[in-house]
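A.B. asks: Sharing input-v1.pdb below, PDB, C-alpha atoms:
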```pdb
ATOM      1  CA  MET A 775      23.469   7.035   2.017  1.00  0.00           C
ATOM      2  CA  LYS A 776      22.703  10.742   1.793  1.00  0.00           C
ATOM      3  CA  ILE A 777      20.054  11.774  -0.745  1.00  0.00           C
ATOM      4  CA  THR A 778      20.022  15.420  -1.790  1.00  0.00           C
ATOM      5  CA  GLN A 779      16.930  17.437  -2.546  1.00  0.00           C
ATOM      6  CA  GLU A 780      18.189  17.826  -6.119  1.00  0.00           C
ATOM      7  CA  GLU A 781      18.180  14.034  -6.494  1.00  0.00           C
ATOM      8  CA  VAL A 782      14.633  13.865  -5.152  1.00  0.00           C
ATOM      9  CA  HIS A 783      13.558  16.578  -7.621  1.00  0.00           C
ATOM     10  CA  ARG A 784      15.210  14.691 -10.497  1.00  0.00           C
ATOM     11  CA  ILE A 785      13.390  11.483  -9.553  1.00  0.00           C
ATOM     12  CA  ALA A 786      10.126  13.420  -9.223  1.00  0.00           C
ATOM     13  CA  ARG A 787      10.595  14.918 -12.704  1.00  0.00           C
ATOM     14  CA  LEU A 788      11.210  11.458 -14.167  1.00  0.00           C
ATOM     15  CA  ALA A 789       7.998  10.243 -12.506  1.00  0.00           C
ATOM     16  CA  ASN A 790       6.039  13.375 -13.506  1.00  0.00           C
ATOM     17  CA  LEU A 791       5.404  14.251  -9.855  1.00  0.00           C
ATOM     18  CA  ARG A 792       5.027  17.703  -8.357  1.00  0.00           C
ATOM     19  CA  LEU A 793       6.364  17.777  -4.819  1.00  0.00           C
ATOM     20  CA  THR A 794       6.006  20.357  -2.079  1.00  0.00           C
ATOM     21  CA  ALA A 795       8.999  21.258   0.091  1.00  0.00           C
ATOM     22  CA  GLU A 796       7.605  19.008   2.828  1.00  0.00           C
ATOM     23  CA  ASP A 797       7.202  16.123   0.359  1.00  0.00           C
ATOM     24  CA  THR A 798      10.760  16.575  -0.867  1.00  0.00           C
ATOM     25  CA  ALA A 799      12.190  16.416   2.641  1.00  0.00           C
ATOM     26  CA  ARG A 800      10.060  13.392   3.543  1.00  0.00           C
ATOM     27  CA  TYR A 801      10.958  11.502   0.351  1.00  0.00           C
ATOM     28  CA  ALA A 802      14.650  12.242   0.868  1.00  0.00           C
ATOM     29  CA  ARG A 803      14.439  10.686   4.362  1.00  0.00           C
ATOM     30  CA  ASP A 804      12.425   7.713   3.074  1.00  0.00           C
ATOM     31  CA  LEU A 805      14.833   7.052   0.202  1.00  0.00           C
ATOM     32  CA  GLU A 806      17.808   7.276   2.580  1.00  0.00           C
ATOM     33  CA  GLU A 807      16.186   4.675   4.864  1.00  0.00           C
ATOM     34  CA  ILE A 808      15.510   2.361   1.912  1.00  0.00           C
ATOM     35  CA  LEU A 809      19.084   2.631   0.634  1.00  0.00           C
ATOM     36  CA  ASP A 810      20.492   2.086   4.137  1.00  0.00           C
ATOM     37  CA  TYR A 811      18.410  -1.087   4.376  1.00  0.00           C
ATOM     38  CA  VAL A 812      19.695  -2.257   0.979  1.00  0.00           C
ATOM     39  CA  ASP A 813      23.245  -1.654   2.240  1.00  0.00           C
ATOM     40  CA  GLN A 814      22.460  -3.845   5.267  1.00  0.00           C
ATOM     41  CA  LEU A 815      21.213  -6.593   2.963  1.00  0.00           C
ATOM     42  CA  GLY A 816      24.450  -6.338   1.011  1.00  0.00           C
ATOM     43  CA  GLU A 817      26.378  -7.288   4.158  1.00  0.00           C
ATOM     44  CA  LEU A 818      24.707 -10.719   4.335  1.00  0.00           C
ATOM     45  CA  ASP A 819      26.734 -13.779   3.387  1.00  0.00           C
ATOM     46  CA  THR A 820      24.970 -15.216   0.355  1.00  0.00           C
ATOM     47  CA  SER A 821      27.861 -17.347  -0.877  1.00  0.00           C
ATOM     48  CA  GLY A 822      25.852 -20.566  -0.372  1.00  0.00           C
ATOM     49  CA  VAL A 823      22.697 -19.256  -2.039  1.00  0.00           C
ATOM     50  CA  GLU A 824      22.167 -20.025  -5.721  1.00  0.00           C
ATOM     51  CA  PRO A 825      21.117 -17.090  -7.903  1.00  0.00           C
ATOM     52  CA  MET A 826      17.461 -17.069  -8.929  1.00  0.00           C
ATOM     53  CA  ALA A 827      15.825 -15.656 -12.023  1.00  0.00           C
ATOM     54  CA  GLN A 828      12.541 -15.215 -10.151  1.00  0.00           C
ATOM     55  CA  VAL A 829      11.205 -15.310  -6.630  1.00  0.00           C
ATOM     56  CA  LEU A 830       9.042 -18.389  -7.121  1.00  0.00           C
ATOM     57  CA  HIS A 831      10.836 -21.688  -6.728  1.00  0.00           C
ATOM     58  CA  GLU A 832      10.831 -24.102  -9.623  1.00  0.00           C
ATOM     59  CA  GLY A 833       7.659 -26.162  -9.605  1.00  0.00           C
ATOM     60  CA  ASN A 834       5.684 -23.669  -7.523  1.00  0.00           C
ATOM     61  CA  ALA A 835       3.132 -21.682  -9.453  1.00  0.00           C
ATOM     62  CA  ALA A 836       2.094 -18.189  -8.473  1.00  0.00           C
ATOM     63  CA  PRO A 837      -0.847 -18.249  -6.046  1.00  0.00           C
ATOM     64  CA  LEU A 838      -3.476 -16.944  -8.436  1.00  0.00           C
ATOM     65  CA  ARG A 839      -7.175 -17.176  -7.836  1.00  0.00           C
ATOM     66  CA  PRO A 840      -9.147 -19.332 -10.265  1.00  0.00           C
ATOM     67  CA  ASP A 841     -11.102 -17.552 -12.985  1.00  0.00           C
ATOM     68  CA  ASP A 842     -14.762 -17.025 -12.211  1.00  0.00           C
ATOM     69  CA  PRO A 843     -16.649 -16.878 -15.528  1.00  0.00           C
ATOM     70  CA  GLY A 844     -19.802 -15.701 -13.750  1.00  0.00           C
ATOM     71  CA  ARG A 845     -18.090 -12.477 -12.662  1.00  0.00           C
ATOM     72  CA  SER A 846     -16.867 -11.284 -16.044  1.00  0.00           C
ATOM     73  CA  PHE A 847     -18.679  -8.943 -18.410  1.00  0.00           C
ATOM     74  CA  GLU A 848     -18.602  -7.913 -22.025  1.00  0.00           C
ATOM     75  CA  GLN A 849     -16.074  -5.443 -23.397  1.00  0.00           C
ATOM     76  CA  ALA A 850     -18.838  -3.007 -24.337  1.00  0.00           C
ATOM     77  CA  THR A 851     -20.049  -2.953 -20.718  1.00  0.00           C
ATOM     78  CA  ALA A 852     -16.571  -2.078 -19.447  1.00  0.00           C
ATOM     79  CA  LEU A 853     -16.119   0.632 -22.061  1.00  0.00           C
ATOM     80  CA  ARG A 854     -19.490   2.194 -21.228  1.00  0.00           C
ATOM     81  CA  CYS A 855     -18.048   3.109 -17.809  1.00  0.00           C
ATOM     82  CA  ALA A 856     -14.928   4.726 -19.301  1.00  0.00           C
ATOM     83  CA  PRO A 857     -14.760   8.516 -19.498  1.00  0.00           C
ATOM     84  CA  LEU A 858     -13.203   8.169 -22.959  1.00  0.00           C
ATOM     85  CA  SER A 859     -12.951   5.145 -25.259  1.00  0.00           C
ATOM     86  CA  GLY A 860     -12.451   4.327 -28.901  1.00  0.00           C
ATOM     87  CA  ALA A 861     -11.633   1.414 -31.220  1.00  0.00           C
ATOM     88  CA  GLY A 862     -12.604  -0.996 -28.465  1.00  0.00           C
ATOM     89  CA  HIS A 863     -10.080   0.361 -25.950  1.00  0.00           C
ATOM     90  CA  PHE A 864      -9.883   2.723 -22.987  1.00  0.00           C
ATOM     91  CA  LYS A 865      -8.353   6.068 -23.964  1.00  0.00           C
ATOM     92  CA  VAL A 866      -6.159   7.819 -21.428  1.00  0.00           C
ATOM     93  CA  PRO A 867      -4.391  11.175 -21.448  1.00  0.00           C
ATOM     94  CA  ARG A 868      -0.866  11.197 -22.783  1.00  0.00           C
ATOM     95  CA  VAL A 869       1.598  11.298 -19.881  1.00  0.00           C
ATOM     96  CA  ILE A 870       4.934  11.233 -21.711  1.00  0.00           C
ATOM     97  CA  GLU A 871       5.606  14.585 -23.270  1.00  0.00           C
ATOM     98  CA  ARG A 872       9.385  14.396 -23.657  1.00  0.00           C
TER      99      ARG A 872
END
```
Could you express the structure from this file as structure tokens?

C.D. replies:
Amino acid sequence: MKITQEEVHRIARLANLRLTAEDTARYARDLEEILDYVDQLGELDTSGVEPMAQVLHEGNAAPLRPDDPGRSFEQATALRCAPLSGAGHFKVPRVIER
């Protein structure tokens, strides 16, 4: 599937990215490869495969590591490392301006 530079610029604007001309060309090629691969997947016969709501099979839990209470620290300690904090939370610059 052909991706135009205008489409790449639109996606970049939605993601708040500034792209150079080289980036735009590279992302257009990368997106085309991804969409071509998705098209290939669409050609597979999945008629015998039941739809799934999630990737994990029923009864299988996600492979999460166990909590290690000895490696945690207090909220105040975490916030001391933050460039900006307030009301017990990290403060970050606003990224959505539209």

A.B. asks: Output the residue selection produced by the PyMOL selection byres ((chain A and resi 799-810) around 7) on the file above, formatted as a list in words.

C.D. replies: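 Answer for the PyMOL selection byres ((chain A and resi 799-810) around 7): Met775, Lys776, Ile777, Thr778, Gln779, Val782, Ala795, Glu796, Asp797, Thr798, Tyr811, Val812, Asp813 and Gln814 of chain A.
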
A.B. asks: Suppose you want the space between atom CA of Ala852 of chain A and atom CA of Lys865 of chain A; what is it in Å?

C.D. replies: 12.4 Å

A.B. asks: Enter the distance from atom CA of Gly844 of chain A to atom CA of His863 of chain A, in Å, rounded to one decimal.

C.D. replies: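 About the pair atom CA of Gly844 of chain A and atom CA of His863 of chain A: they are 22.4 Å apart.
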
A.B. asks: Quick one: distance from atom CA of Leu788 of chain A to atom CA of Val866 of chain A in Å, one decimal?

C.D. replies: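 Atom CA of Val866 of chain A lies 19.2 Å from atom CA of Leu788 of chain A.
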
A.B. asks: So, counting all atoms listed in the file, which residue among A:Ile870, A:Phe864, A:Glu780, A:Arg787 is closest to Ala850 of chain A?

C.D. replies: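 Nearest candidate to Ala850 of chain A out of A:Ile870, A:Phe864, A:Glu780, A:Arg787: A:Phe864.
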
A.B. asks: Report the centre and edge lengths, in Å to one decimal, of an axis-aligned box enclosing every atom of segment 785-790 of chain A listed in the file, padded by 3 Å on each side, as lines of an AutoDock Vina configuration file.

C.D. replies:
```
center_x = 9.7
center_y = 12.6
center_z = -11.7
size_x = 13.4
size_y = 10.7
size_z = 10.9
```
